[in-house]
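Q: File protein.pdb below, PDB, C-alpha atoms:
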ATOM      1  CA  MET A   1      20.792 -59.389  62.095
ATOM      2  CA  ARG A   2      22.474 -61.191  64.994
ATOM      3  CA  ASN A   3      24.393 -59.336  67.706
ATOM      4  CA  ARG A   4      28.163 -59.787  67.425
ATOM      5  CA  ALA A   5      31.136 -59.066  69.633
ATOM      6  CA  PRO A   6      32.835 -55.696  68.964
ATOM      7  CA  ARG A   7      35.949 -57.356  67.511
ATOM      8  CA  ASN A   8      33.976 -59.688  65.238
ATOM      9  CA  ARG A   9      34.851 -58.776  61.638
ATOM     10  CA  THR A  10      32.451 -61.160  59.889
ATOM     11  CA  LEU A  11      31.068 -59.561  56.731
ATOM     12  CA  THR A  12      27.327 -58.885  56.907
ATOM     13  CA  CYS A  13      24.715 -57.036  54.869
ATOM     14  CA  SER A  14      22.061 -54.771  56.349
ATOM     15  CA  ASP A  15      18.531 -54.832  54.945
ATOM     16  CA  ALA A  16      19.414 -51.686  53.002
ATOM     17  CA  ASP A  17      22.555 -53.364  51.643
ATOM     18  CA  LEU A  18      20.570 -56.394  50.551
ATOM     19  CA  ALA A  19      17.996 -54.272  48.751
ATOM     20  CA  THR A  20      20.647 -52.275  46.890
ATOM     21  CA  LEU A  21      22.898 -55.201  46.034
ATOM     22  CA  ALA A  22      20.036 -57.441  44.929
ATOM     23  CA  SER A  23      19.263 -54.956  42.161
ATOM     24  CA  GLU A  24      22.771 -55.529  40.747
ATOM     25  CA  LEU A  25      22.391 -59.296  40.397
ATOM     26  CA  LEU A  26      21.979 -60.820  36.953
ATOM     27  CA  ARG A  27      19.232 -63.225  35.872
ATOM     28  CA  LEU A  28      19.240 -64.815  32.443
ATOM     29  CA  THR A  29      16.175 -65.819  30.459
ATOM     30  CA  ALA A  30      17.861 -66.136  27.056
ATOM     31  CA  PRO A  31      21.318 -66.965  25.694
ATOM     32  CA  ALA A  32      23.843 -64.304  26.712
ATOM     33  CA  ARG A  33      27.008 -63.001  25.078
ATOM     34  CA  LEU A  34      30.280 -63.260  26.977
ATOM     35  CA  GLU A  35      30.532 -59.522  27.544
ATOM     36  CA  GLU A  36      27.106 -59.570  29.208
ATOM     37  CA  VAL A  37      28.080 -62.032  31.911
ATOM     38  CA  ILE A  38      31.756 -61.367  32.652
ATOM     39  CA  ALA A  39      32.390 -59.852  36.098
ATOM     40  CA  ARG A  40      28.819 -60.590  37.120
ATOM     41  CA  VAL A  41      27.101 -62.651  39.792
ATOM     42  CA  ILE A  42      24.140 -64.591  38.449
ATOM     43  CA  HIS A  43      21.350 -65.273  40.928
ATOM     44  CA  GLN A  44      19.954 -68.549  39.625
ATOM     45  CA  ASP A  45      20.327 -72.299  39.924
ATOM     46  CA  PHE A  46      23.208 -73.459  37.723
ATOM     47  CA  CYS A  47      21.143 -76.411  36.546
ATOM     48  CA  ASP A  48      18.571 -73.936  35.186
ATOM     49  CA  VAL A  49      20.845 -71.218  33.794
ATOM     50  CA  HIS A  50      23.669 -73.224  32.177
ATOM     51  CA  CYS A  51      21.866 -73.341  28.820
ATOM     52  CA  PHE A  52      21.968 -69.518  28.624
ATOM     53  CA  LEU A  53      25.709 -69.188  29.255
ATOM     54  CA  PRO A  54      28.239 -68.750  26.409
ATOM     55  CA  ARG A  55      29.820 -71.889  25.019
ATOM     56  CA  ALA A  56      33.504 -72.735  25.657
ATOM     57  CA  PHE A  57      34.276 -69.615  27.694
ATOM     58  CA  ALA A  58      35.852 -70.888  30.943
ATOM     59  CA  ASP A  59      39.629 -71.234  31.348
ATOM     60  CA  LEU A  60      39.385 -72.410  34.956
ATOM     61  CA  VAL A  61      36.482 -73.813  36.949
ATOM     62  CA  ILE A  62      36.317 -74.044  40.720
ATOM     63  CA  LEU A  63      33.665 -76.694  41.300
ATOM     64  CA  ASP A  64      32.501 -76.666  44.915
ATOM     65  CA  PRO A  65      29.003 -78.182  44.945
ATOM     66  CA  PRO A  66      27.233 -79.409  48.080
ATOM     67  CA  TYR A  67      28.999 -82.453  49.450
ATOM     68  CA  ASN A  68      26.963 -85.588  50.086
ATOM     69  CA  LEU A  69      25.970 -84.323  53.529
ATOM     70  CA  THR A  70      22.723 -82.968  54.904
ATOM     71  CA  LYS A  71      23.496 -79.267  55.221
ATOM     72  CA  ASN A  72      21.392 -76.128  55.690
ATOM     73  CA  TYR A  73      22.306 -73.349  53.273
ATOM     74  CA  ASN A  74      20.459 -70.302  54.570
ATOM     75  CA  GLY A  75      17.158 -72.166  54.801
ATOM     76  CA  ARG A  76      17.699 -74.439  51.808
ATOM     77  CA  VAL A  77      18.567 -77.929  52.999
ATOM     78  CA  PHE A  78      20.643 -80.186  50.773
ATOM     79  CA  GLN A  79      19.823 -83.754  51.773
ATOM     80  CA  ALA A  80      22.453 -86.468  51.812
ATOM     81  CA  LYS A  81      21.694 -89.096  49.167
ATOM     82  CA  GLU A  82      22.415 -92.736  48.604
ATOM     83  CA  ALA A  83      25.845 -93.097  46.984
ATOM     84  CA  GLU A  84      24.470 -93.980  43.549
ATOM     85  CA  ALA A  85      21.978 -91.115  43.618
ATOM     86  CA  TYR A  86      24.668 -88.577  44.520
ATOM     87  CA  SER A  87      26.964 -89.896  41.780
ATOM     88  CA  THR A  88      24.120 -89.519  39.271
ATOM     89  CA  TRP A  89      23.435 -85.962  40.478
ATOM     90  CA  PHE A  90      27.122 -85.074  40.157
ATOM     91  CA  ASP A  91      27.268 -86.642  36.696
ATOM     92  CA  ASP A  92      24.409 -84.355  35.626
ATOM     93  CA  VAL A  93      26.356 -81.345  36.932
ATOM     94  CA  LEU A  94      29.383 -82.273  34.815
ATOM     95  CA  LEU A  95      27.243 -82.865  31.732
ATOM     96  CA  THR A  96      25.926 -79.299  31.992
ATOM     97  CA  LEU A  97      29.413 -77.949  32.698
ATOM     98  CA  MET A  98      31.319 -79.567  29.822
ATOM     99  CA  PRO A  99      30.037 -77.329  26.970
ATOM    100  CA  LEU A 100      31.182 -74.239  28.908
ATOM    101  CA  LEU A 101      34.848 -75.260  29.057
ATOM    102  CA  ARG A 102      37.663 -74.303  26.725
ATOM    103  CA  PRO A 103      39.673 -77.265  25.355
ATOM    104  CA  THR A 104      42.606 -76.095  27.522
ATOM    105  CA  ALA A 105      40.518 -75.626  30.685
ATOM    106  CA  THR A 106      41.309 -76.862  34.183
ATOM    107  CA  VAL A 107      38.702 -77.964  36.731
ATOM    108  CA  TYR A 108      39.287 -78.223  40.479
ATOM    109  CA  ALA A 109      36.546 -80.250  42.196
ATOM    110  CA  CYS A 110      36.188 -79.943  45.971
ATOM    111  CA  SER A 111      34.927 -82.677  48.299
ATOM    112  CA  ASP A 112      35.115 -84.167  51.752
ATOM    113  CA  TRP A 113      36.663 -87.616  52.283
ATOM    114  CA  ARG A 114      33.416 -89.545  51.825
ATOM    115  CA  THR A 115      32.151 -87.576  48.822
ATOM    116  CA  SER A 116      35.606 -87.808  47.266
ATOM    117  CA  THR A 117      35.199 -91.519  46.580
ATOM    118  CA  LEU A 118      31.888 -90.864  44.814
ATOM    119  CA  ILE A 119      33.010 -88.067  42.505
ATOM    120  CA  PHE A 120      36.371 -89.487  41.405
ATOM    121  CA  PRO A 121      34.903 -92.091  38.991
ATOM    122  CA  VAL A 122      32.625 -89.431  37.503
ATOM    123  CA  LEU A 123      35.466 -86.943  37.078
ATOM    124  CA  ASP A 124      37.615 -89.679  35.556
ATOM    125  CA  LYS A 125      34.908 -90.322  32.967
ATOM    126  CA  TYR A 126      34.974 -86.748  31.648
ATOM    127  CA  PHE A 127      38.449 -85.400  32.437
ATOM    128  CA  HIS A 128      42.103 -86.234  32.834
ATOM    129  CA  VAL A 129      42.411 -86.488  36.629
ATOM    130  CA  ARG A 130      45.964 -85.396  37.386
ATOM    131  CA  ASN A 131      46.174 -85.281  41.165
ATOM    132  CA  ARG A 132      44.312 -85.109  44.442
ATOM    133  CA  ILE A 133      45.112 -82.235  46.789
ATOM    134  CA  THR A 134      44.351 -82.813  50.455
ATOM    135  CA  TRP A 135      44.240 -79.721  52.633
ATOM    136  CA  GLU A 136      44.045 -79.446  56.386
ATOM    137  CA  ARG A 137      41.032 -77.537  57.647
ATOM    138  CA  GLU A 138      42.892 -76.909  60.919
ATOM    139  CA  LYS A 139      39.729 -77.325  62.926
ATOM    140  CA  GLY A 140      37.094 -80.006  63.104
ATOM    141  CA  ARG A 141      34.839 -81.751  65.562
ATOM    142  CA  GLY A 142      36.360 -84.334  67.832
ATOM    143  CA  ALA A 143      35.071 -87.894  67.773
ATOM    144  CA  LYS A 144      35.053 -90.477  70.580
ATOM    145  CA  ALA A 145      34.812 -93.553  68.358
ATOM    146  CA  ASN A 146      36.669 -92.343  65.263
ATOM    147  CA  TRP A 147      39.573 -90.204  64.128
ATOM    148  CA  LYS A 148      38.896 -86.468  64.050
ATOM    149  CA  ASN A 149      38.090 -85.393  60.502
ATOM    150  CA  ASN A 150      39.833 -82.136  59.568
ATOM    151  CA  THR A 151      40.823 -82.509  55.907
ATOM    152  CA  GLU A 152      39.163 -82.013  52.540
ATOM    153  CA  ASP A 153      40.105 -83.050  49.006
ATOM    154  CA  ILE A 154      40.402 -81.116  45.771
ATOM    155  CA  TRP A 155      40.658 -83.099  42.523
ATOM    156  CA  PHE A 156      42.911 -81.492  39.896
ATOM    157  CA  CYS A 157      41.453 -82.218  36.447
ATOM    158  CA  THR A 158      42.030 -80.982  32.908
ATOM    159  CA  VAL A 159      39.965 -81.255  29.744
ATOM    160  CA  GLY A 160      42.993 -82.393  27.724
ATOM    161  CA  ASP A 161      46.762 -82.650  27.757
ATOM    162  CA  ASP A 162      47.232 -79.011  26.735
ATOM    163  CA  TYR A 163      46.729 -77.022  29.940
ATOM    164  CA  HIS A 164      48.363 -74.219  31.945
ATOM    165  CA  PHE A 165      50.213 -74.846  35.209
ATOM    166  CA  ASP A 166      52.594 -72.314  36.788
ATOM    167  CA  VAL A 167      54.468 -73.891  39.680
ATOM    168  CA  GLU A 168      56.598 -70.759  40.178
ATOM    169  CA  ALA A 169      53.474 -68.794  41.119
ATOM    170  CA  VAL A 170      52.565 -71.072  44.023
ATOM    171  CA  LYS A 171      55.794 -71.726  45.872
ATOM    172  CA  LEU A 172      55.610 -71.919  49.650
ATOM    173  CA  LYS A 173      57.974 -70.188  52.062
ATOM    174  CA  ARG A 174      58.788 -72.543  54.956
ATOM    175  CA  ARG A 175      60.863 -72.196  58.080
ATOM    176  CA  VAL A 176      64.202 -73.988  57.880
ATOM    177  CA  ILE A 177      64.597 -76.396  60.781
ATOM    178  CA  ALA A 178      68.123 -77.568  59.924
ATOM    179  CA  PRO A 179      69.843 -74.673  58.104
ATOM    180  CA  TYR A 180      72.714 -76.220  56.156
ATOM    181  CA  ARG A 181      75.539 -73.941  55.037
ATOM    182  CA  THR A 182      78.139 -74.153  52.304
ATOM    183  CA  ASP A 183      81.848 -74.573  53.079
ATOM    184  CA  ASN A 184      82.275 -70.798  53.188
ATOM    185  CA  GLY A 185      79.374 -70.406  55.641
ATOM    186  CA  GLU A 186      76.717 -69.149  53.224
ATOM    187  CA  PRO A 187      73.095 -70.393  53.504
ATOM    188  CA  LYS A 188      72.459 -73.374  51.202
ATOM    189  CA  ASP A 189      69.083 -73.107  49.418
ATOM    190  CA  TRP A 190      67.584 -70.955  52.184
ATOM    191  CA  GLU A 191      67.352 -67.319  53.203
ATOM    192  CA  GLU A 192      68.598 -65.804  56.462
ATOM    193  CA  SER A 193      66.647 -62.876  57.916
ATOM    194  CA  GLU A 194      66.027 -61.067  61.210
ATOM    195  CA  ASN A 195      62.678 -62.844  61.491
ATOM    196  CA  GLY A 196      64.047 -66.345  60.959
ATOM    197  CA  ASN A 197      65.403 -68.708  58.326
ATOM    198  CA  TYR A 198      63.197 -69.645  55.372
ATOM    199  CA  ARG A 199      63.325 -71.771  52.236
ATOM    200  CA  LEU A 200      61.201 -71.360  49.110
ATOM    201  CA  THR A 201      59.788 -74.805  48.284
ATOM    202  CA  HIS A 202      57.781 -76.412  45.494
ATOM    203  CA  PRO A 203      54.199 -77.143  46.571
ATOM    204  CA  SER A 204      53.075 -80.709  47.169
ATOM    205  CA  ASN A 205      49.543 -82.104  47.111
ATOM    206  CA  ILE A 206      49.335 -81.946  50.932
ATOM    207  CA  TRP A 207      48.506 -78.442  52.161
ATOM    208  CA  SER A 208      48.895 -77.690  55.863
ATOM    209  CA  ASP A 209      49.259 -73.905  55.605
ATOM    210  CA  ILE A 210      45.570 -72.963  55.165
ATOM    211  CA  THR A 211      43.626 -71.043  57.800
ATOM    212  CA  VAL A 212      39.865 -71.531  57.680
ATOM    213  CA  PRO A 213      38.052 -68.153  57.906
ATOM    214  CA  PHE A 214      36.885 -67.295  61.414
ATOM    215  CA  TRP A 215      35.221 -64.353  63.174
ATOM    216  CA  SER A 216      38.278 -62.073  63.437
ATOM    217  CA  MET A 217      39.081 -62.257  59.702
ATOM    218  CA  PRO A 218      37.406 -59.721  57.381
ATOM    219  CA  GLU A 219      36.959 -62.370  54.676
ATOM    220  CA  ASN A 220      34.716 -64.378  57.012
ATOM    221  CA  THR A 221      30.970 -64.716  56.351
ATOM    222  CA  ASP A 222      28.212 -66.836  57.863
ATOM    223  CA  HIS A 223      28.281 -69.266  54.942
ATOM    224  CA  PRO A 224      28.517 -72.785  56.449
ATOM    225  CA  THR A 225      31.132 -74.119  53.998
ATOM    226  CA  GLN A 226      33.131 -71.033  53.022
ATOM    227  CA  LYS A 227      36.534 -71.691  51.443
ATOM    228  CA  PRO A 228      39.580 -69.587  52.457
ATOM    229  CA  GLU A 229      40.863 -66.938  50.042
ATOM    230  CA  LYS A 230      44.389 -68.339  50.358
ATOM    231  CA  LEU A 231      43.171 -71.762  49.203
ATOM    232  CA  LEU A 232      41.513 -70.320  46.097
ATOM    233  CA  ALA A 233      44.528 -68.104  45.394
ATOM    234  CA  LYS A 234      46.729 -71.185  45.033
ATOM    235  CA  LEU A 235      44.370 -72.797  42.530
ATOM    236  CA  ILE A 236      43.859 -69.620  40.521
ATOM    237  CA  LEU A 237      47.533 -68.660  40.355
ATOM    238  CA  ALA A 238      48.633 -72.173  39.409
ATOM    239  CA  SER A 239      46.057 -72.790  36.688
ATOM    240  CA  SER A 240      45.194 -69.470  35.069
ATOM    241  CA  ARG A 241      46.875 -66.478  33.472
ATOM    242  CA  PRO A 242      46.001 -62.800  33.984
ATOM    243  CA  GLN A 243      42.688 -61.989  32.268
ATOM    244  CA  ASP A 244      41.712 -65.660  32.012
ATOM    245  CA  ILE A 245      38.096 -66.408  32.910
ATOM    246  CA  VAL A 246      37.504 -68.161  36.226
ATOM    247  CA  PHE A 247      34.041 -69.691  36.611
ATOM    248  CA  ASP A 248      32.294 -70.919  39.752
ATOM    249  CA  PRO A 249      28.840 -72.496  39.235
ATOM    250  CA  PHE A 250      28.245 -72.829  43.015
ATOM    251  CA  LEU A 251      29.595 -69.457  44.104
ATOM    252  CA  GLY A 252      28.416 -69.444  47.719
ATOM    253  CA  SER A 253      29.720 -66.354  49.532
ATOM    254  CA  GLY A 254      31.843 -65.329  46.542
ATOM    255  CA  THR A 255      35.380 -66.369  47.446
ATOM    256  CA  THR A 256      36.290 -67.563  43.939
ATOM    257  CA  ALA A 257      35.140 -64.337  42.300
ATOM    258  CA  VAL A 258      36.779 -62.150  44.947
ATOM    259  CA  VAL A 259      40.164 -63.874  44.671
ATOM    260  CA  ALA A 260      40.000 -63.912  40.876
ATOM    261  CA  LYS A 261      39.424 -60.158  40.930
ATOM    262  CA  LYS A 262      42.274 -59.573  43.374
ATOM    263  CA  LEU A 263      44.617 -61.582  41.164
ATOM    264  CA  GLY A 264      43.718 -59.836  37.905
ATOM    265  CA  ARG A 265      41.536 -62.564  36.405
ATOM    266  CA  ARG A 266      38.071 -62.195  34.930
ATOM    267  CA  TYR A 267      35.298 -64.047  36.720
ATOM    268  CA  LEU A 268      31.726 -65.270  36.556
ATOM    269  CA  GLY A 269      29.750 -66.857  39.374
ATOM    270  CA  VAL A 270      26.342 -68.506  39.694
ATOM    271  CA  GLU A 271      24.594 -68.847  43.058
ATOM    272  CA  LEU A 272      21.058 -69.882  43.984
ATOM    273  CA  ASP A 273      20.726 -68.025  47.309
ATOM    274  CA  GLN A 274      20.113 -64.273  46.985
ATOM    275  CA  GLU A 275      21.725 -63.307  50.306
ATOM    276  CA  TYR A 276      24.886 -65.228  49.463
ATOM    277  CA  CYS A 277      24.941 -63.381  46.120
ATOM    278  CA  CYS A 278      24.751 -60.067  47.952
ATOM    279  CA  TRP A 279      27.616 -61.034  50.242
ATOM    280  CA  SER A 280      29.610 -61.798  47.094
ATOM    281  CA  LEU A 281      28.899 -58.391  45.611
ATOM    282  CA  LYS A 282      29.819 -56.611  48.829
ATOM    283  CA  ARG A 283      33.105 -58.530  49.028
ATOM    284  CA  LEU A 284      33.840 -57.722  45.380
ATOM    285  CA  LYS A 285      33.341 -54.020  46.054
ATOM    286  CA  LEU A 286      35.677 -54.188  49.061
ATOM    287  CA  ALA A 287      38.295 -55.901  46.896
ATOM    288  CA  GLU A 288      38.536 -52.749  44.784
ATOM    289  CA  SER A 289      40.306 -50.964  47.666
ATOM    290  CA  ASP A 290      41.920 -53.980  49.329
ATOM    291  CA  ALA A 291      43.567 -56.618  47.159
ATOM    292  CA  SER A 292      45.444 -58.350  49.996
ATOM    293  CA  ILE A 293      45.158 -62.078  50.646
ATOM    294  CA  GLN A 294      46.070 -63.330  54.074
ATOM    295  CA  GLY A 295      49.024 -65.705  53.875
ATOM    296  CA  TYR A 296      50.138 -64.452  50.437
ATOM    297  CA  HIS A 297      52.829 -61.767  50.509
ATOM    298  CA  GLU A 298      55.170 -60.417  47.817
ATOM    299  CA  GLY A 299      54.300 -63.206  45.394
ATOM    300  CA  VAL A 300      54.904 -66.028  47.877
ATOM    301  CA  PHE A 301      52.655 -68.201  50.048
ATOM    302  CA  TRP A 302      53.744 -68.401  53.685
ATOM    303  CA  GLU A 303      53.307 -71.066  56.319
ATOM    304  CA  ARG A 304      50.340 -70.696  58.626
ATOM    305  CA  ASN A 305      51.027 -68.484  61.671
ATOM    306  CA  SER A 306      54.393 -67.276  60.368
ATOM    307  CA  LEU A 307      55.235 -63.596  60.739
ATOM    308  CA  ALA A 308      54.800 -62.690  57.076
ATOM    309  CA  ASP A 309      51.509 -64.595  57.005
ATOM    310  CA  GLN A 310      50.017 -61.741  59.029
ATOM    311  CA  LYS A 311      51.408 -58.871  56.944
ATOM    312  CA  PRO A 312      48.521 -58.620  54.439
ATOM    313  CA  GLN A 313      46.305 -57.468  57.318
ATOM    314  CA  LYS A 314      48.553 -54.405  57.629
ATOM    315  CA  ALA A 315      48.162 -53.779  53.909
ATOM    316  CA  ARG A 316      44.502 -52.959  54.471
ATOM    317  CA  THR A 317      45.410 -49.913  56.532
ATOM    318  CA  THR A 318      48.199 -48.901  54.155
ATOM    319  CA  ARG A 319      45.960 -48.956  51.084
ATOM    320  CA  LYS A 320      43.257 -46.947  52.797
ATOM    321  CA  ASN A 321      45.843 -44.224  53.352
ATOM    322  CA  GLY A 322      46.275 -43.978  49.621
ATOM    323  CA  GLN A 323      49.503 -45.923  49.338
ATOM    324  CA  MET A 324      50.227 -49.131  47.487
ATOM    325  CA  GLY A 325      49.405 -52.293  49.439
ATOM    326  CA  LEU A 326      51.340 -55.487  49.741
ATOM    327  CA  PHE A 327      49.737 -57.001  46.669
ATOM    328  CA  ASN A 328      49.266 -55.372  43.283
ATOM    329  CA  GLU A 329      46.543 -56.493  40.902
TER     330      GLU A 329
END
Could you show the structure in this file as structure tokens?

A:
Amino acid sequence: MRNRAPRNRTLTCSDADLATLASELLRLTAPARLEEVIARVIHQDFCDVHCFLPRAFADLVILDPPYNLTKNYNGRVFQAKEAEAYSTWFDDVLLTLMPLLRPTATVYACSDWRTSTLIFPVLDKYFHVRNRITWEREKGRGAKANWKNNTEDIWFCTVGDDYHFDVEAVKLKRRVIAPYRTDNGEPKDWEESENGNYRLTHPSNIWSDITVPFWSMPENTDHPTQKPEKLLAKLILASSRPQDIVFDPFLGSGTTAVVAKKLGRRYLGVELDQEYCCWSLKRLKLAESDASIQGYHEGVFWERNSLADQKPQKARTTRKNGQMGLFNE
């Protein structure tokens, strides 16, 4: 285990943790019933285990496969492919996924800008593609001969025209720059407070309020492509109901399962790497005593770096003292 600075809050597992948690992972060798796989982390390759999963069980899928980049995942290297080869590989993933979806299911497919152009035609072949979300990663490597790349895409897809979407659950609280008032001096469509003036707004498909996990955040892990909990919370709240089943066939460090649990959804995740699976289990156990999500407070998403955006961190201490935190499951 690497040495870390005293204030580094990155989640890790000791050798003892890994041995204990590995024994809790599920492996399937025959078709399983729904009750056998719900709230479990399956340690297998999705392409191998999909045939053992229940049919038509998933209400919402977060699809975050390797992008078409050469990337090292804890010793397993995914090699970038020719465009046609990657499209074929992604098509195979969707073919295995389709039988697992309910007729009313929603699928969110993640990608970078280059991979996005490859997966859209494949998604469009199987689903109703309803929108493309572009979110700002906030950080990214500079480039001398190109524009700095710091965004990613998420394709919003549904199996059919009958699907769930709750815009009220994902409104964003923004600072009011020009606070208009009515004739009698009352705030017009905004809220006045000691900490500033804010307006509750409908979300667009451009998201600039996401903070990528880093070393001082307890949700952070060493996974090279970890998604923020706040990002997943938006997708899960918008496109699922309490107790719906959220499925992630490329679970990684477990963010989808953790956020689903915090938000009162059922979950199932599949991940090939055993250590990543163990990180997921450890995060799921921590979520039992801490259901806060940074940037999500009192049923509202807040702008990045706003005062209320930091309040969920305080909820961790409050809940440990036996009181109710800032978010209830």

Q: Determine the residue set returned by the PyMOL selection byres ((chain A and resi 201-213) around 9) for the present structure, and present it as a ChimeraX atom specification.

A: /A:131-139,167-168,170-174,199-200,214-221,226-231,294-295,301-305

Q: When you count only C-alpha atoms, which of these residues is closest to Pro99 in chain A: A:Gly160, A:Gly264, A:Pro121, A:Pro54?

A: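 Looking only at the distances to Pro99 in chain A, the closest residue turns out to be A:Pro54.
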
Q: Could you list, as an MDAnalysis selection string, every residue matched by the PyMOL selection byres ((chain A and resi 282) around 12) in this structure?

A: chainID A and resid 11:14 17:18 20:22 24:25 41 218:219 221 253:255 257:258 275:281 283:289

Q: Print the selection's residues with C-alpha atoms to a file, as a PDB file, in the frame of the given file.

A:
ATOM      1  CA  LEU A  11      31.068 -59.561  56.731  1.00  0.00           C
ATOM      2  CA  THR A  12      27.327 -58.885  56.907  1.00  0.00           C
ATOM      3  CA  CYS A  13      24.715 -57.036  54.869  1.00  0.00           C
ATOM      4  CA  SER A  14      22.061 -54.771  56.349  1.00  0.00           C
ATOM      5  CA  ASP A  17      22.555 -53.364  51.643  1.00  0.00           C
ATOM      6  CA  LEU A  18      20.570 -56.394  50.551  1.00  0.00           C
ATOM      7  CA  THR A  20      20.647 -52.275  46.890  1.00  0.00           C
ATOM      8  CA  LEU A  21      22.898 -55.201  46.034  1.00  0.00           C
ATOM      9  CA  ALA A  22      20.036 -57.441  44.929  1.00  0.00           C
ATOM     10  CA  GLU A  24      22.771 -55.529  40.747  1.00  0.00           C
ATOM     11  CA  LEU A  25      22.391 -59.296  40.397  1.00  0.00           C
ATOM     12  CA  VAL A  41      27.101 -62.651  39.792  1.00  0.00           C
ATOM     13  CA  PRO A 218      37.406 -59.721  57.381  1.00  0.00           C
ATOM     14  CA  GLU A 219      36.959 -62.370  54.676  1.00  0.00           C
ATOM     15  CA  THR A 221      30.970 -64.716  56.351  1.00  0.00           C
ATOM     16  CA  SER A 253      29.720 -66.354  49.532  1.00  0.00           C
ATOM     17  CA  GLY A 254      31.843 -65.329  46.542  1.00  0.00           C
ATOM     18  CA  THR A 255      35.380 -66.369  47.446  1.00  0.00           C
ATOM     19  CA  ALA A 257      35.140 -64.337  42.300  1.00  0.00           C
ATOM     20  CA  VAL A 258      36.779 -62.150  44.947  1.00  0.00           C
ATOM     21  CA  GLU A 275      21.725 -63.307  50.306  1.00  0.00           C
ATOM     22  CA  TYR A 276      24.886 -65.228  49.463  1.00  0.00           C
ATOM     23  CA  CYS A 277      24.941 -63.381  46.120  1.00  0.00           C
ATOM     24  CA  CYS A 278      24.751 -60.067  47.952  1.00  0.00           C
ATOM     25  CA  TRP A 279      27.616 -61.034  50.242  1.00  0.00           C
ATOM     26  CA  SER A 280      29.610 -61.798  47.094  1.00  0.00           C
ATOM     27  CA  LEU A 281      28.899 -58.391  45.611  1.00  0.00           C
ATOM     28  CA  ARG A 283      33.105 -58.530  49.028  1.00  0.00           C
ATOM     29  CA  LEU A 284      33.840 -57.722  45.380  1.00  0.00           C
ATOM     30  CA  LYS A 285      33.341 -54.020  46.054  1.00  0.00           C
ATOM     31  CA  LEU A 286      35.677 -54.188  49.061  1.00  0.00           C
ATOM     32  CA  ALA A 287      38.295 -55.901  46.896  1.00  0.00           C
ATOM     33  CA  GLU A 288      38.536 -52.749  44.784  1.00  0.00           C
ATOM     34  CA  SER A 289      40.306 -50.964  47.666  1.00  0.00           C
TER      35      SER A 289
END

Q: Taking (36.5, -72.5, 33.2) as a centre in this file's frame and 6 Å as the limit, can you find every polymer residue with an atom that close, using all atoms listed in the file, and give them as a PyMOL selection string?

A: chain A and resi 58-61+101+105+246-247

Q: Where's the centre, and what are the edge lengths in Å to one decimal, of a box along x, y and z enclosing all listed atoms of range 67-71 of chain A padded 3 Å per side, as lines of an AutoDock Vina configuration file?

A:
center_x = 25.9
center_y = -82.4
center_z = 52.3
size_x = 12.3
size_y = 12.3
size_z = 11.8

Q: Pick out the closest residue to Leu232 in chain A from this set: A:Leu272, A:Leu251, A:Ala260, A:Ala5. Count all atoms listed in the file.

A: A:Ala260

Q: Would you mind reading off the distance between CA of Thr225 in chain A and CA of Lys125 in chain A, one decimal, in Å?

A: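 Pair CA of Thr225 in chain A / CA of Lys125 in chain A returns 26.8 Å.
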
Q: Please measure the separation of CA of Arg241 in chain A and CA of Arg265 in chain A, giving the value in Å to one decimal.

A: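 Atom-to-atom, CA of Arg241 in chain A and CA of Arg265 in chain A are spaced 7.2 Å apart.
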
Q: Taking the file as shown, what set of residues would the PyMOL selection byres ((chain A and resi 164) around 8) give back, as a ChimeraX atom specification?

A: /A:104,106,162-163,165-166,238-240

Q: Please indicate the distance in Å from CA of Thr151 in chain A to CA of Arg7 in chain A, rounded to one decimal place.

A: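 Between CA of Thr151 in chain A and CA of Arg7 in chain A the gap works out to 28.1 Å.
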
Q: Counting all atoms listed in the file, note down every residue that has an atom within 12 Å of the point (36.7, -93.4, 36.3) (file coordinates), as a PDB file with C-alpha atoms, keeping the file's coordinate frame.

A:
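So the final result, stored in selection-v1.pdb, reads:
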ATOM      1  CA  SER A  87      26.964 -89.896  41.780  1.00  0.00           C
ATOM      2  CA  ASP A  91      27.268 -86.642  36.696  1.00  0.00           C
ATOM      3  CA  THR A 117      35.199 -91.519  46.580  1.00  0.00           C
ATOM      4  CA  LEU A 118      31.888 -90.864  44.814  1.00  0.00           C
ATOM      5  CA  ILE A 119      33.010 -88.067  42.505  1.00  0.00           C
ATOM      6  CA  PHE A 120      36.371 -89.487  41.405  1.00  0.00           C
ATOM      7  CA  PRO A 121      34.903 -92.091  38.991  1.00  0.00           C
ATOM      8  CA  VAL A 122      32.625 -89.431  37.503  1.00  0.00           C
ATOM      9  CA  LEU A 123      35.466 -86.943  37.078  1.00  0.00           C
ATOM     10  CA  ASP A 124      37.615 -89.679  35.556  1.00  0.00           C
ATOM     11  CA  LYS A 125      34.908 -90.322  32.967  1.00  0.00           C
ATOM     12  CA  TYR A 126      34.974 -86.748  31.648  1.00  0.00           C
ATOM     13  CA  PHE A 127      38.449 -85.400  32.437  1.00  0.00           C
ATOM     14  CA  HIS A 128      42.103 -86.234  32.834  1.00  0.00           C
ATOM     15  CA  VAL A 129      42.411 -86.488  36.629  1.00  0.00           C
TER      16      VAL A 129
END

Q: Measuring atom to atom with all atoms listed in the file, identify which of A:Ala291, A:Val300, A:Phe156, A:Pro249 is nearest to Ile42 in chain A.

A: A:Pro249

Q: In terms of the shortest atom-to-atom distance over all atoms listed in the file, which of A:Asp273, A:Asp222, A:Glu186, A:Asp64 is closest to Tyr108 in chain A?

A: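 Using all atoms listed in the file, Tyr108 in chain A sits closest to A:Asp64.
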
Q: Closest to Pro31 in chain A among A:Glu194, A:Lys144, A:Pro6, A:Phe52, using only C-alpha atoms?

A: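 Distance minimum relative to Pro31 in chain A lands on A:Phe52.
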